[in-house]
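File shown: model.cif (mmCIF, C-alpha atoms and all ligand atoms).
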data_start
#
loop_
_atom_site.label_atom_id
_atom_site.label_comp_id
_atom_site.auth_asym_id
_atom_site.auth_seq_id
_atom_site.Cartn_x
_atom_site.Cartn_y
_atom_site.Cartn_z
CA MET A 1 166.10 68.06 69.83
CA ALA A 2 162.54 68.47 71.09
CA LEU A 3 161.19 71.72 72.54
CA THR A 4 161.47 72.35 76.26
CA GLN A 5 158.47 73.59 78.22
CA LYS A 6 160.03 77.06 78.33
CA GLU A 7 160.36 77.04 74.56
CA GLN A 8 156.77 75.93 74.14
CA GLN A 9 155.75 79.06 76.05
CA ARG A 10 158.16 81.32 74.23
CA TYR A 11 157.11 80.22 70.74
CA LYS A 12 153.41 79.84 71.56
CA ARG A 13 152.30 82.11 68.73
CA HIS A 14 154.30 80.01 66.28
CA LEU A 15 152.82 76.79 67.65
CA MET A 16 149.35 78.21 67.01
CA LEU A 17 150.08 78.25 63.27
CA PRO A 18 149.38 74.87 61.68
CA GLN A 19 152.14 75.60 59.12
CA VAL A 20 154.69 75.84 61.92
CA ASP A 21 153.39 73.82 64.86
CA GLU A 22 155.73 71.99 67.21
CA ALA A 23 157.40 70.05 64.40
CA GLY A 24 158.22 73.27 62.53
CA GLN A 25 159.52 75.00 65.64
CA GLU A 26 161.79 72.02 66.30
CA LYS A 27 163.13 72.36 62.76
CA ILE A 28 163.76 76.06 63.40
CA LYS A 29 165.54 75.21 66.66
CA ASN A 30 167.76 72.66 64.96
CA SER A 31 168.57 74.83 61.94
CA ARG A 32 171.82 76.60 61.18
CA VAL A 33 171.72 79.81 59.15
CA LEU A 34 174.71 81.81 57.94
CA ILE A 35 174.32 85.54 57.38
CA VAL A 36 177.01 87.17 55.26
CA GLY A 37 177.13 90.85 56.21
CA ALA A 38 176.11 92.28 59.59
CA GLY A 39 175.00 95.70 58.34
CA GLY A 40 171.71 97.15 57.14
CA LEU A 41 170.26 93.86 55.86
CA GLY A 42 172.09 91.57 58.25
CA SER A 43 170.65 93.40 61.27
CA PRO A 44 166.95 92.69 60.69
CA VAL A 45 167.67 89.21 59.30
CA ALA A 46 169.67 88.27 62.40
CA MET A 47 167.18 89.81 64.84
CA GLU A 48 164.14 88.16 63.21
CA LEU A 49 165.82 84.75 63.06
CA CYS A 50 167.04 85.12 66.63
CA CYS A 51 163.55 85.93 67.91
CA ALA A 52 162.03 83.12 65.84
CA GLY A 53 164.36 80.65 67.56
CA VAL A 54 166.86 79.65 64.87
CA GLY A 55 169.23 77.51 66.92
CA THR A 56 172.53 78.53 65.33
CA ILE A 57 173.21 81.82 63.58
CA GLY A 58 176.58 82.45 61.95
CA LEU A 59 177.57 86.03 61.18
CA VAL A 60 180.33 86.99 58.75
CA ASP A 61 181.70 90.54 58.81
CA PHE A 62 185.13 92.06 59.34
CA ASP A 63 183.99 95.66 59.81
CA VAL A 64 183.65 97.88 62.87
CA VAL A 65 180.57 99.97 63.60
CA ASP A 66 180.70 103.47 62.16
CA VAL A 67 178.53 106.32 63.41
CA SER A 68 176.93 106.55 59.94
CA ASN A 69 175.68 102.94 60.32
CA LEU A 70 173.31 103.86 63.16
CA GLN A 71 170.76 105.43 60.77
CA ARG A 72 169.69 101.96 59.57
CA GLN A 73 171.70 99.12 61.16
CA LEU A 74 169.33 98.11 63.93
CA LEU A 75 171.69 95.78 65.78
CA TYR A 76 173.89 98.60 67.01
CA THR A 77 173.69 101.35 69.59
CA GLU A 78 175.76 104.49 70.10
CA ASN A 79 178.00 102.46 72.41
CA SER A 80 178.84 100.11 69.54
CA VAL A 81 180.68 102.74 67.48
CA GLY A 82 184.29 101.73 66.84
CA LYS A 83 183.71 98.14 67.99
CA SER A 84 183.58 94.87 66.01
CA LYS A 85 180.25 94.41 64.27
CA VAL A 86 179.99 90.66 64.79
CA GLN A 87 180.94 90.87 68.47
CA GLN A 88 178.44 93.68 69.09
CA ALA A 89 175.81 91.78 67.13
CA LYS A 90 176.40 88.63 69.16
CA GLU A 91 175.99 90.52 72.42
CA ARG A 92 172.74 92.09 71.22
CA LEU A 93 171.32 88.82 69.85
CA LYS A 94 172.20 86.88 73.01
CA SER A 95 170.38 89.50 75.08
CA MET A 96 167.30 88.95 72.89
CA ASN A 97 167.45 85.15 73.01
CA SER A 98 170.00 83.47 75.28
CA ASP A 99 169.01 79.97 74.08
CA ILE A 100 170.45 80.39 70.61
CA LYS A 101 174.06 80.01 69.52
CA VAL A 102 175.70 82.90 67.68
CA ILE A 103 178.94 82.18 65.86
CA CYS A 104 181.12 85.17 64.91
CA ILE A 105 183.23 84.87 61.79
CA GLU A 106 185.29 88.04 61.87
CA ASP A 107 186.76 87.67 58.44
CA LYS A 108 186.33 88.70 54.84
CA LEU A 109 184.50 86.09 52.80
CA ASP A 110 186.52 85.09 49.76
CA LYS A 111 186.94 82.14 47.41
CA SER A 112 189.50 80.49 49.69
CA ASN A 113 187.33 80.31 52.84
CA ALA A 114 183.72 80.27 51.56
CA THR A 115 183.31 76.49 51.18
CA GLU A 116 184.71 75.72 54.61
CA ILE A 117 182.45 78.34 56.24
CA PHE A 118 179.28 77.45 54.28
CA GLU A 119 179.57 73.69 54.88
CA LYS A 120 178.46 74.05 58.48
CA TYR A 121 175.13 75.77 57.61
CA ASP A 122 171.81 74.78 56.02
CA ILE A 123 170.85 78.12 54.47
CA ILE A 124 172.97 81.11 53.43
CA VAL A 125 171.72 84.70 53.56
CA ASP A 126 173.28 87.27 51.26
CA ALA A 127 173.19 90.48 53.27
CA THR A 128 176.28 92.01 51.74
CA ASP A 129 176.69 95.12 49.60
CA ASN A 130 179.58 93.89 47.51
CA PHE A 131 179.10 92.35 44.06
CA ASP A 132 182.18 90.13 44.13
CA VAL A 133 181.10 88.65 47.48
CA ARG A 134 177.57 88.11 46.12
CA TYR A 135 178.99 85.93 43.33
CA ILE A 136 181.14 83.98 45.78
CA ILE A 137 178.00 83.39 47.90
CA SER A 138 176.02 82.24 44.87
CA ASP A 139 178.74 80.00 43.39
CA THR A 140 179.50 78.36 46.75
CA SER A 141 175.80 77.80 47.52
CA VAL A 142 175.31 76.09 44.15
CA LYS A 143 178.44 73.98 44.66
CA LEU A 144 177.20 72.78 48.05
CA GLY A 145 173.54 72.49 46.97
CA LYS A 146 172.34 74.92 49.63
CA PRO A 147 169.63 77.54 49.11
CA HIS A 148 170.65 81.13 49.43
CA VAL A 149 168.37 84.06 50.17
CA TYR A 150 169.40 87.12 48.20
CA GLY A 151 168.64 90.68 49.26
CA ALA A 152 169.80 94.04 47.90
CA ILE A 153 169.05 97.67 48.61
CA TYR A 154 169.69 100.91 46.77
CA GLU A 155 168.36 104.35 47.73
CA PHE A 156 164.56 103.75 48.02
CA TYR A 157 164.60 100.37 46.26
CA GLY A 158 165.08 96.76 47.24
CA GLN A 159 165.13 93.24 45.81
CA VAL A 160 164.65 89.80 47.33
CA ALA A 161 164.94 86.32 45.80
CA VAL A 162 165.65 82.72 46.73
CA LEU A 163 168.53 81.34 44.67
CA GLY A 164 170.82 78.33 44.79
CA GLY A 165 169.77 74.84 45.84
CA ASP A 166 168.27 73.26 42.73
CA GLY A 167 166.85 76.60 41.54
CA PRO A 168 168.45 79.33 39.43
CA CYS A 169 171.58 81.09 40.64
CA LEU A 170 172.88 84.64 40.43
CA ARG A 171 174.77 83.83 37.21
CA CYS A 172 171.50 82.73 35.53
CA LEU A 173 170.39 86.32 36.08
CA ASN A 174 173.70 88.06 35.33
CA PRO A 175 176.57 85.84 34.12
CA GLU A 176 179.33 88.06 35.55
CA PRO A 177 179.56 90.68 38.30
CA PRO A 178 179.94 94.28 37.08
CA LYS A 179 183.55 95.37 36.64
CA GLN A 180 185.15 97.95 38.89
CA GLY A 181 184.24 101.44 37.75
CA GLU A 182 181.00 100.27 36.11
CA ILE A 183 178.98 100.77 39.27
CA VAL A 184 178.99 103.21 42.15
CA GLU A 185 180.49 101.74 45.31
CA ALA A 186 178.00 100.90 48.08
CA LYS A 187 179.55 103.41 50.47
CA ASP A 188 178.76 106.20 47.98
CA VAL A 189 175.07 105.32 47.64
CA GLY A 190 172.28 106.76 49.78
CA VAL A 191 169.90 104.39 51.59
CA PHE A 192 166.57 105.49 53.00
CA GLY A 193 166.23 104.56 56.70
CA ALA A 194 163.58 101.86 56.81
CA ILE A 195 164.45 100.12 53.51
CA PRO A 196 166.90 97.54 54.93
CA GLY A 197 164.36 96.66 57.62
CA VAL A 198 161.75 95.80 55.00
CA ILE A 199 164.06 93.79 52.75
CA GLY A 200 165.85 92.06 55.65
CA SER A 201 162.54 91.01 57.20
CA LEU A 202 161.42 89.57 53.87
CA GLN A 203 164.68 87.61 53.68
CA ALA A 204 164.12 86.30 57.22
CA CYS A 205 160.58 85.28 56.25
CA GLU A 206 161.91 83.28 53.31
CA VAL A 207 164.58 81.61 55.48
CA LEU A 208 161.94 80.49 57.98
CA LYS A 209 159.67 79.17 55.20
CA LEU A 210 162.60 77.23 53.72
CA ILE A 211 163.30 75.69 57.14
CA ILE A 212 159.74 74.56 57.83
CA GLY A 213 158.88 73.87 54.17
CA ALA A 214 155.74 75.99 54.21
CA GLY A 215 154.07 77.98 51.46
CA ARG A 216 155.60 79.20 48.24
CA THR A 217 159.06 80.72 48.55
CA LEU A 218 160.72 83.19 46.19
CA LYS A 219 162.62 80.35 44.54
CA GLY A 220 162.96 81.33 40.89
CA ARG A 221 161.30 84.70 41.47
CA MET A 222 162.57 88.13 42.40
CA ILE A 223 160.52 90.79 44.13
CA PHE A 224 161.34 94.42 43.31
CA ILE A 225 160.12 97.01 45.76
CA ASP A 226 160.02 100.73 45.03
CA MET A 227 159.43 102.24 48.45
CA LEU A 228 159.40 105.81 47.16
CA ASN A 229 156.16 105.04 45.30
CA MET A 230 155.37 101.91 47.34
CA THR A 231 154.97 99.43 44.53
CA PHE A 232 155.86 95.74 44.55
CA ASP A 233 156.73 93.94 41.30
CA GLU A 234 157.75 90.39 40.62
CA VAL A 235 159.79 88.83 37.85
CA GLU A 236 160.47 85.20 37.16
CA ILE A 237 164.10 84.12 37.15
CA PRO A 238 164.32 81.09 34.89
CA LYS A 239 167.14 78.64 35.37
CA TYR A 240 169.52 79.23 32.43
CA PRO A 241 170.47 75.82 30.99
CA LYS A 242 173.83 77.16 29.71
CA CYS A 243 174.67 78.89 33.02
CA SER A 244 178.41 78.65 33.71
CA CYS A 245 177.70 77.84 37.36
CA CYS A 246 174.51 75.80 37.77
CA GLY A 247 173.98 74.73 34.14
CA LYS A 248 175.98 73.02 31.40
CA GLY A 249 178.01 76.08 30.39
CA GLU A 250 178.16 77.69 26.95
CA LYS A 251 179.79 74.73 25.16
ZN ZN A 301 172.84 79.54 37.21
#
Take the structure in the file and write it out as structure tokens.
Amino acid sequence: MALTQKEQQRYKRHLMLPQVDEAGQEKIKNSRVLIVGAGGLGSPVAMELCCAGVGTIGLVDFDVVDVSNLQRQLLYTENSVGKSKVQQAKERLKSMNSDIKVICIEDKLDKSNATEIFEKYDIIVDATDNFDVRYIISDTSVKLGKPHVYGAIYEFYGQVAVLGGDGPCLRCLNPEPPKQGEIVEAKDVGVFGAIPGVIGSLQACEVLKLIIGAGRTLKGRMIFIDMLNMTFDEVEIPKYPKCSCCGKGEK
């Protein structure tokens, strides 16, 4: 689908970039991105992709908005408290860009539904705070050959990487998720206000670069940000040949 005249106006500042141009904006328009988690990370990811003109955004979350979410979950207002996150998010996103399609998946992602949900999208965004769901996202993305943009936050710290596709996966980094009791649950961890905004925007940036094929993405690399001391570090994530998911396994 080509751009309409209205869209050419709307995305003018994108069209001015040779890396995007009209061809790139058309790719953005025709792309389908799934965001798992409509909370702290999902909010900026969804808003950035919506403004950038991603044609179809899928949102997976089964939660309702809690008053304690408002400190960092930018999609929601005081009127959203007690209401479905994905429905509130859809309303907000449609008010920002009525041309895009927002699909609400008001469900818990698990092994039984992940493949069916993921199949309809080009890129998967991990914006969850649950380790088991992160591994389901990674395993399903590898199985379907789709890239997945990983993001995580903790107190003043954040991480971003591009996994899946033909690159390394989460199991190359950590073969198994931590067991229950080994880690503090997300709801019991503090998060500094602006952290999800930074990490979510970086995830959105990587999604857009994957769509238009510009620059160097975080494929095979992870960025660690310490926002208390404002330092950025990068580590390489090599693909593990014996990875139980994307490699040959231990045998
Ligand atoms: Zn792997």
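Distance annotation: of A:Cys50, A:Val125, A:Ala38, A:Val142, the residue with the minimal separation from ligand ZN 301 (chain A) is A:Val142; atom set is all atoms listed in the file.
For ligand ZN 301 (chain A), the neighbouring polymer residues at 10 Å or closer are Ser138, Asp139, Val142, Leu163, Gly164, Asp166, Gly167, Pro168, Cys169, Leu170, Arg171, Cys172, Leu173, Asn174, Pro175, Ile237, Pro238, Lys239, Tyr240, Pro241, Lys242, Cys243, Ser244, Cys245, Cys246, Gly247, Lys248 and Gly249 of chain A, only C-alpha atoms and all ligand atoms being used.
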Which residue of A:Glu22, A:Glu182, A:Glu155, A:Asp226 approaches Phe131 of chain A most closely, using all atoms listed in the file: A:Glu182
Residue with smallest distance to Val160 of chain A - pool A:Ala214, A:Met222, A:Leu17, A:Ile103, counting only C-alpha atoms: A:Met222
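Residues in contact with segment 7-10 of chain A at 10 Å, where all atoms listed in the file are counted and same-chain residues fewer than 5 positions away are skipped, are listed as Ala2, Leu15, Glu22, Gln25, Glu26, Lys29, Cys51, Ala52, Gly53 and Asp99 of chain A.
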From A:Val235, A:Leu109, A:Ile123, A:Ala89, residue lying nearest Tyr135 of chain A [all atoms listed in the file]: A:Leu109
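In this model, the gap between atom CA of Val86 of chain A and atom CA of Asp63 of chain A comes to 8.1 Å.
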Shell of 12 Å around Cys205 of chain A, all atoms listed in the file, local chain residues under 5 positions omitted, as an MDAnalysis selection string: chainID A and resid 44:49 52 125 149 151 160:162 198:200 210:218
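Atom pair atom CA of Met16 of chain A / atom CA of Val102 of chain A has a distance of 26.8 Å (rounded to one decimal).
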Residues within 12 Å of Gly158 of chain A, all atoms listed in the file, excluding chain neighbours under 2 positions, as a ChimeraX atom specification: /A:40-41,127,129,150-156,160-161,191-192,194-203,222-228,230-234
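Note that the spacing between atom CA of Glu91 of chain A and atom CA of Met1 of chain A amounts to 24.7 Å.
For the set A:Thr115, A:Glu185, A:Gly190, A:Leu74, the residue with the smallest atom-to-atom gap to Tyr157 of chain A is A:Gly190, counting all atoms listed in the file.
Residue nearest Gly55 of chain A, chosen from A:Glu176, A:Glu116, A:Asp122, A:Asp21 and counting all atoms listed in the file: A:Asp122.
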